[in-house]
Each structure stands twice: as C-alpha cells, then as structure tokens.
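So this one's query_15.txt, compact mmCIF, C-alpha atoms:
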```txt
# COMPACT_ATOMS: atom_id res chain seq x y z
CA MET A 1 143.50 -100.33 -118.62
CA LYS A 2 143.41 -98.29 -121.78
CA LYS A 3 146.58 -96.48 -122.62
CA ILE A 4 146.57 -92.72 -122.01
CA ILE A 5 149.13 -90.53 -123.75
CA ILE A 6 149.74 -86.97 -122.57
CA ILE A 7 152.25 -84.74 -124.31
CA PHE A 8 152.89 -81.52 -122.45
CA PHE A 9 156.13 -79.61 -122.89
CA ALA A 10 156.61 -75.92 -122.19
CA ALA A 11 158.46 -75.56 -125.45
CA LEU A 12 155.47 -77.06 -127.24
CA LEU A 13 153.07 -74.53 -125.75
CA PHE A 14 155.10 -71.43 -126.40
CA SER A 15 157.12 -72.20 -129.51
CA CYS A 16 156.17 -70.20 -132.59
CA VAL A 17 157.31 -72.94 -134.95
CA GLN A 18 155.63 -76.30 -134.43
CA THR A 19 155.36 -79.45 -136.47
CA GLU A 20 152.04 -81.23 -136.95
CA GLU A 21 153.08 -83.85 -134.43
CA GLU A 22 154.03 -81.24 -131.84
CA LYS A 23 150.56 -79.70 -132.09
CA ILE A 24 149.09 -82.70 -130.30
CA VAL A 25 149.09 -81.81 -126.62
CA ALA A 26 147.19 -84.84 -125.34
CA GLN A 27 145.81 -88.14 -126.58
CA VAL A 28 143.47 -90.71 -125.09
CA ASN A 29 143.45 -93.87 -127.21
CA ASP A 30 142.66 -92.59 -130.72
CA VAL A 31 141.25 -89.23 -129.61
CA LYS A 32 143.69 -86.35 -129.87
CA LEU A 33 143.64 -82.83 -128.48
CA THR A 34 145.52 -80.39 -130.67
CA PHE A 35 147.12 -77.20 -129.48
CA ASP A 36 144.61 -75.15 -131.46
CA GLU A 37 141.66 -77.06 -129.95
CA PHE A 38 143.20 -76.64 -126.53
CA LYS A 39 143.62 -72.88 -126.93
CA ALA A 40 140.13 -72.45 -128.41
CA ASN A 41 138.64 -73.23 -125.01
CA PHE A 42 139.81 -69.86 -123.68
CA SER A 43 139.46 -66.21 -124.59
CA ASN A 44 142.69 -64.44 -125.56
CA ASN A 45 142.87 -62.65 -122.21
CA LYS A 46 142.19 -65.83 -120.27
CA TRP A 47 144.77 -67.73 -122.29
CA GLU A 48 147.44 -65.12 -121.56
CA ALA A 49 146.67 -65.34 -117.85
CA LEU A 50 146.91 -69.14 -117.65
CA THR A 51 149.90 -70.61 -115.87
CA ILE A 52 151.54 -73.92 -116.79
CA GLU A 53 149.77 -75.48 -113.82
CA ASP A 54 146.41 -74.17 -115.05
CA LYS A 55 147.04 -75.74 -118.44
CA LYS A 56 148.08 -79.04 -116.92
CA GLU A 57 144.89 -79.07 -114.84
CA PHE A 58 142.78 -78.45 -117.94
CA ILE A 59 144.54 -81.31 -119.73
CA GLN A 60 143.77 -83.67 -116.84
CA ASP A 61 140.10 -82.61 -116.91
CA TRP A 62 140.01 -83.19 -120.67
CA VAL A 63 141.51 -86.68 -120.22
CA GLN A 64 138.90 -87.63 -117.63
CA LEU A 65 135.99 -86.38 -119.74
CA THR A 66 137.35 -88.14 -122.83
CA LEU A 67 137.70 -91.43 -120.94
CA LEU A 68 134.13 -91.17 -119.70
CA SER A 69 132.87 -90.29 -123.18
CA GLN A 70 134.67 -93.26 -124.73
CA GLU A 71 133.25 -95.58 -122.10
CA ALA A 72 129.76 -94.23 -122.84
CA ASP A 73 130.30 -95.14 -126.50
CA LEU A 74 131.48 -98.67 -125.60
CA LEU A 75 128.41 -99.21 -123.45
CA GLU A 76 126.24 -97.74 -126.25
CA ILE A 77 124.83 -95.17 -123.83
CA SER A 78 125.54 -92.49 -126.40
CA GLN A 79 123.17 -94.24 -128.83
CA SER A 80 120.18 -93.39 -126.66
CA PRO A 81 117.70 -91.26 -128.65
CA LYS A 82 117.28 -88.96 -125.67
CA LEU A 83 121.03 -88.43 -125.37
CA LYS A 84 121.33 -87.83 -129.11
CA GLU A 85 118.73 -85.07 -128.83
CA LYS A 86 120.70 -83.51 -125.97
CA ILE A 87 123.90 -83.63 -128.02
CA LYS A 88 122.10 -82.07 -130.96
CA SER A 89 120.71 -79.32 -128.72
CA ALA A 90 124.14 -78.67 -127.21
CA GLU A 91 125.63 -78.36 -130.70
CA ILE A 92 122.95 -75.83 -131.68
CA ASN A 93 123.64 -73.80 -128.53
CA ILE A 94 127.40 -73.79 -129.11
CA LYS A 95 127.02 -72.66 -132.72
CA ALA A 96 124.47 -69.98 -131.79
CA ASN A 97 126.64 -68.64 -129.00
CA ALA A 98 129.66 -68.59 -131.30
CA LEU A 99 127.73 -66.53 -133.86
CA ILE A 100 126.50 -64.12 -131.18
CA ALA A 101 130.01 -63.71 -129.78
CA THR A 102 131.36 -63.00 -133.26
CA LYS A 103 128.68 -60.43 -134.06
CA LEU A 104 129.00 -58.68 -130.71
CA ALA A 105 132.79 -58.70 -130.53
CA ASP A 106 133.17 -55.42 -132.39
CA VAL A 107 130.54 -53.48 -130.47
CA SER A 108 132.05 -50.26 -129.13
CA VAL A 109 130.80 -46.88 -127.92
CA SER A 110 132.23 -43.47 -128.69
CA GLU A 111 132.89 -40.69 -126.20
CA ASP A 112 130.06 -38.67 -127.78
CA GLU A 113 127.58 -41.53 -127.26
CA LEU A 114 128.60 -41.80 -123.62
CA PHE A 115 128.32 -38.08 -122.94
CA ASN A 116 124.99 -37.78 -124.75
CA TYR A 117 123.63 -40.63 -122.63
CA TYR A 118 124.90 -38.84 -119.51
CA LYS A 119 123.18 -35.57 -120.48
CA ILE A 120 119.85 -37.31 -121.13
CA HIS A 121 119.97 -39.45 -117.98
CA LYS A 122 121.78 -37.04 -115.66
CA SER A 123 118.95 -37.15 -113.12
CA GLU A 124 119.63 -40.87 -112.64
CA TYR A 125 123.16 -40.12 -111.45
CA GLN A 126 122.74 -38.08 -108.33
CA THR A 127 124.17 -38.18 -104.87
CA SER A 128 122.35 -36.95 -101.78
CA HIS A 129 123.45 -35.58 -98.42
CA LYS A 130 121.76 -34.25 -95.34
CA GLU A 131 122.07 -30.67 -94.15
CA PHE A 132 121.14 -29.09 -90.79
CA LYS A 133 119.74 -25.59 -90.36
CA VAL A 134 121.79 -24.42 -87.40
CA GLN A 135 121.73 -21.80 -84.67
CA ARG A 136 124.87 -21.44 -82.56
CA ILE A 137 126.78 -19.38 -80.04
CA PHE A 138 130.57 -19.12 -80.09
CA THR A 139 133.11 -18.23 -77.42
CA LYS A 140 136.83 -18.72 -77.01
CA ASP A 141 136.55 -18.57 -73.22
CA ARG A 142 135.64 -21.80 -71.42
CA ALA A 143 134.84 -19.80 -68.26
CA LYS A 144 132.16 -17.91 -70.17
CA LEU A 145 130.16 -21.05 -70.93
CA ASN A 146 128.22 -21.04 -67.65
CA THR A 147 127.21 -17.41 -68.22
CA ILE A 148 125.91 -18.32 -71.70
CA LEU A 149 124.04 -21.36 -70.41
CA ASP A 150 122.39 -19.26 -67.71
CA ALA A 151 121.42 -16.66 -70.32
CA ILE A 152 119.78 -19.33 -72.47
CA LYS A 153 117.76 -20.62 -69.53
CA THR A 154 116.64 -17.18 -68.35
CA THR A 155 115.98 -15.63 -71.76
CA SER A 156 116.37 -17.64 -74.98
CA PHE A 157 119.02 -19.13 -77.21
CA LYS A 158 118.58 -16.23 -79.62
CA ASN A 159 119.05 -13.54 -76.95
CA ALA A 160 122.02 -15.38 -75.47
CA ALA A 161 123.65 -15.42 -78.92
CA ILE A 162 123.04 -11.69 -79.40
CA LEU A 163 124.51 -10.89 -76.00
CA HIS A 164 127.44 -13.28 -75.77
CA SER A 165 128.42 -14.86 -79.11
CA GLU A 166 131.89 -13.88 -80.31
CA GLU A 167 131.18 -14.31 -84.01
CA ALA A 168 129.32 -12.08 -86.45
CA ALA A 169 126.32 -14.41 -86.65
CA GLY A 170 125.63 -13.71 -82.98
CA LYS A 171 124.17 -10.32 -83.83
CA ASN A 172 121.56 -12.17 -85.88
CA GLY A 173 120.64 -14.46 -83.01
CA GLY A 174 123.18 -17.12 -84.00
CA TYR A 175 121.30 -18.20 -87.12
CA ILE A 176 123.82 -19.37 -89.74
CA GLY A 177 121.61 -21.29 -92.19
CA PHE A 178 122.17 -24.80 -93.45
CA LEU A 179 125.41 -26.66 -92.80
CA SER A 180 126.67 -29.70 -94.70
CA LYS A 181 129.35 -32.13 -93.64
CA LYS A 182 131.91 -30.73 -96.07
CA ASN A 183 131.76 -27.19 -94.64
CA THR A 184 131.40 -28.04 -90.96
CA HIS A 185 133.94 -28.92 -88.28
CA ILE A 186 133.84 -32.67 -87.69
CA ASN A 187 133.12 -32.25 -83.96
CA ILE A 188 130.13 -30.01 -84.71
CA TRP A 189 128.87 -32.33 -87.45
CA ASN A 190 129.06 -35.40 -85.23
CA THR A 191 127.16 -33.54 -82.53
CA LEU A 192 124.43 -32.41 -84.94
CA THR A 193 123.89 -35.94 -86.25
CA SER A 194 123.35 -37.27 -82.73
CA LEU A 195 121.37 -34.29 -81.43
CA GLN A 196 117.59 -34.05 -81.18
CA LYS A 197 115.85 -31.23 -83.02
CA HIS A 198 115.66 -27.96 -80.99
CA TYR A 199 118.04 -29.30 -78.33
CA TYR A 200 121.48 -27.74 -77.85
CA LYS A 201 124.88 -28.97 -76.78
CA THR A 202 128.37 -27.59 -76.17
CA VAL A 203 131.07 -28.61 -78.66
CA GLU A 204 134.79 -27.97 -78.28
CA THR A 205 136.91 -27.30 -81.38
CA ASP A 206 140.41 -26.02 -82.04
CA ARG A 207 138.93 -22.48 -82.35
CA GLY A 208 136.96 -22.49 -79.14
CA PHE A 209 133.55 -23.54 -77.88
CA TYR A 210 130.22 -23.68 -79.68
CA LEU A 211 126.74 -24.19 -78.31
CA VAL A 212 124.87 -25.63 -81.26
CA LYS A 213 121.36 -26.71 -82.08
CA TYR A 214 119.39 -27.29 -85.28
CA TYR A 215 115.78 -26.50 -86.02
CA ASP A 216 115.38 -27.95 -89.50
CA THR A 217 116.93 -30.44 -91.93
CA ARG A 218 116.89 -31.03 -95.66
CA THR A 219 118.22 -33.51 -98.18
CA VAL A 220 120.23 -31.98 -100.99
CA TYR A 221 120.68 -33.74 -104.34
CA THR A 222 123.64 -33.01 -106.59
CA ASP A 223 124.54 -34.43 -109.98
CA LYS A 224 127.54 -36.70 -110.20
CA THR A 225 130.09 -35.63 -112.79
CA PHE A 226 130.45 -37.43 -116.11
CA LEU A 227 133.83 -38.83 -115.09
CA GLU A 228 132.38 -40.20 -111.85
CA VAL A 229 129.81 -42.28 -113.70
CA LYS A 230 131.56 -42.90 -117.02
CA GLU A 231 132.45 -46.55 -116.36
CA GLU A 232 128.87 -47.33 -115.32
CA ILE A 233 127.55 -45.64 -118.47
CA VAL A 234 129.97 -47.59 -120.67
CA LEU A 235 128.48 -50.83 -119.35
CA LYS A 236 124.88 -49.65 -119.84
CA VAL A 237 125.35 -48.24 -123.33
CA THR A 238 127.38 -51.24 -124.49
CA LYS A 239 124.76 -53.61 -123.12
CA ARG A 240 121.97 -51.71 -124.87
CA LYS A 241 123.85 -51.69 -128.19
CA LYS A 242 124.46 -55.43 -127.94
CA GLU A 243 120.79 -56.06 -127.19
CA ASP A 244 119.76 -53.95 -130.19
CA LEU A 245 122.25 -55.74 -132.43
CA PHE A 246 121.00 -59.13 -131.24
CA GLU A 247 117.36 -58.19 -131.88
CA ASN A 248 118.20 -56.92 -135.36
CA LEU A 249 120.17 -60.09 -136.09
CA ILE A 250 117.20 -62.27 -135.14
CA LYS A 251 114.85 -60.16 -137.28
CA GLU A 252 117.21 -60.39 -140.24
CA LEU A 253 117.56 -64.16 -139.93
CA LYS A 254 113.81 -64.63 -139.56
CA ASN A 255 113.10 -62.50 -142.62
CA LYS A 256 115.30 -64.58 -144.86
CA SER A 257 114.30 -67.97 -143.45
CA GLU A 258 111.29 -70.26 -143.74
CA ILE A 259 109.98 -70.99 -140.27
CA ILE A 260 107.20 -73.45 -139.48
CA ILE A 261 105.89 -73.94 -135.95
CA SER A 262 103.37 -76.71 -135.48
CA ILE A 263 102.66 -76.51 -131.77
```

Just dump the structure as structure tokens.
Amino acid sequence: MKKIIIIFFAALLFSCVQTEEEKIVAQVNDVKLTFDEFKANFSNNKWEALTIEDKKEFIQDWVQLTLLSQEADLLEISQSPKLKEKIKSAEINIKANALIATKLADVSVSEDELFNYYKIHKSEYQTSHKEFKVQRIFTKDRAKLNTILDAIKTTSFKNAAILHSEEAAGKNGGYIGFLSKKNTHINIWNTLTSLQKHYYKTVETDRGFYLVKYYDTRTVYTDKTFLEVKEEIVLKVTKRKKEDLFENLIKELKNKSEIIISI
C-alpha cells in the first residue's frame, strides 16, 4: 500500500510564523497540499467558521481524491482524450468563475440607490388586509339581549339599534363603517371572519355585549415602509448591478478579442 503522510497540528494551522516545511498540511506520495492551497478552498467567512474537525474531514477527503487521481494516472485513464477534454473544460470554468468572483467582489449599493429603487417600485411592496363594513348594537346588560333580539325580529336591525343600542352609533342605526383587525376587539373580529354576510351574532367582550353583522367587505392595500423591505431591495439591486457588470465585462472582452465560430 502506498504510503500516506498527513501533517495536521493545531499550531501549524493557527501560527502566524511558519516555515516552508510547516506549510505542508498533507502529503500523498509525492503530492503535497500546502496550507495556502488548503485555505484557498474556502471563503474567508467559511474559513473562520471551520472547526478543527471540519478541517480534518476536508483533509481526509483530499487524501481520498488524491489517491484515486494517482491511481487513474497509473492506469492511464487520465490519458483518455475524452477525459482530457473534460479536464480542460473544468479548468476553463474554474478560471472564468475566479475572474467573475474577483470582478463582482467589490459590488456594493448605496443608501440612495436603495431608496430610489424603493420609490420607483413602491407599488411592488404592498401588504393587504380585509375589512368588514359593520352594523352593530351594544349593551352592557345581558338581560337586555332578549329584548334587542325580539326588536330585530319584529322590526329591523337598524330600528333595534336606534331604540336599544347604548353607544352613539346606535342613533345612526348602528352603522359604524369599515373595521379592520387592528382596530377591532379580537372577539368581534373572530366572529366577523366566521359570519355570513347579512347575518348577525352576539359577541361578549370586556365592555359588554355586541350584536354584530356585516353587509360589505373590501381589501385594503398599504405600502410597506422602506425599512420593512430594505433587505429584500439590497438583494435585488445588488443582483441587478452584478448582472449589468457581468454583461459589460463580456462585451468588453468580446470587443478586444478575435472570435471565430465555425458551427
């Protein structure tokens, strides 16, 4: 079995002063993995987050892949024209991605760019909620409920409100306009959402008793604030700037290059 050498010391990984020999973190036969090569496999943030165990696991994966690669060379599999083309293609992809990453690394957006985008696209950042147009009768007296119910049956909800409601809206037949969830008692709101249009029901609250019904609904749209959508806009604007930069890069490279396509 071929000899495998793995050098992995905590002091090696974190020491600021290293000799050339110490920079070798792993070796399989004559193939060496230097500390710089090892670290280059990760972004700075990812590298900082790696634990010793994570690094050991990566080393083991590198050893296995290197062993397999060396065996492919011994068996001359790597000399296959098809495989050589794949290796060449992989190299092109790696170099291209490295260039793109370098060019896009410094892309940033200012607060003015973000806010201007928000102003132009404000209609895209809306929230909606349902409102009920409500008619109701209020009383603090539970014993009075039967009298109100009888009045509704014998006359109408409107007349019963005028005669018996103990709130100012009663004089207007109990019509109080549209109610939203944020300005309505939770018990009343839950009743409205489960109630059929033009039907009424008694609801108990900490203030007293309400007979409520609704006769219309509407959906209200309100703009979200800039701060509510700022993170989402950062992603969109940054993405757009990167796409523009990439397109301009390709145009620039094409303009200064000789390109021949024969198919």

Need the shell around Val229 of chain A: protein/DNA/RNA residues with any atom at most 9 Å away, counting all atoms listed in the file. Skip same-chain ones fewer than 4 positions apart. Format as an mmCIF file with C-alpha atoms, keeping the file's coordinate frame?
```cif
data_model
loop_
_atom_site.group_PDB
_atom_site.id
_atom_site.type_symbol
_atom_site.label_atom_id
_atom_site.label_comp_id
_atom_site.auth_asym_id
_atom_site.auth_seq_id
_atom_site.Cartn_x
_atom_site.Cartn_y
_atom_site.Cartn_z
ATOM 1 C CA TYR A 118 124.900 -38.840 -119.510
ATOM 2 C CA TYR A 125 123.160 -40.120 -111.450
ATOM 3 C CA LYS A 224 127.540 -36.700 -110.200
ATOM 4 C CA THR A 225 130.090 -35.630 -112.790
ATOM 5 C CA ILE A 233 127.550 -45.640 -118.470
ATOM 6 C CA VAL A 234 129.970 -47.590 -120.670
#
```

Please indicate the distance in Å from atom CA of Phe35 of chain A to atom CA of Ala49 of chain A, rounded to one decimal place.
-> 16.6 Å

Residues near Ala96 of chain A, cut-off 12 Å, all atoms listed in the file, skip fewer than 5 positions along chain, as a ChimeraX atom specification = /A:89-91,101-103,246,249-250

Shell around segment 189-205 of chain A at 10 Å using only C-alpha atoms, local window under 4 positions removed, as number ranges by chain = A: 130-140, 142, 145, 149, 157, 179-185, 209-217

In Å, rounded to a single decimal, give me how far atom CA of Thr66 of chain A is from atom CA of Val31 of chain A.
->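 Atom CA of Thr66 of chain A lies at a distance of 7.9 Å from atom CA of Val31 of chain A.
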
Give me, please, the distance in Å between atom CA of His121 of chain A and atom CA of Glu247 of chain A, quoted to one decimal.
-> 23.5 Å

Do a neighbour search on segment 53-60 of chain A at 8 Å with all atoms listed in the file, toss out local chain neighbours closer than 3 positions, and write the hits as a PyMOL selection string.
-> chain A and resi 8+26+50+63-64
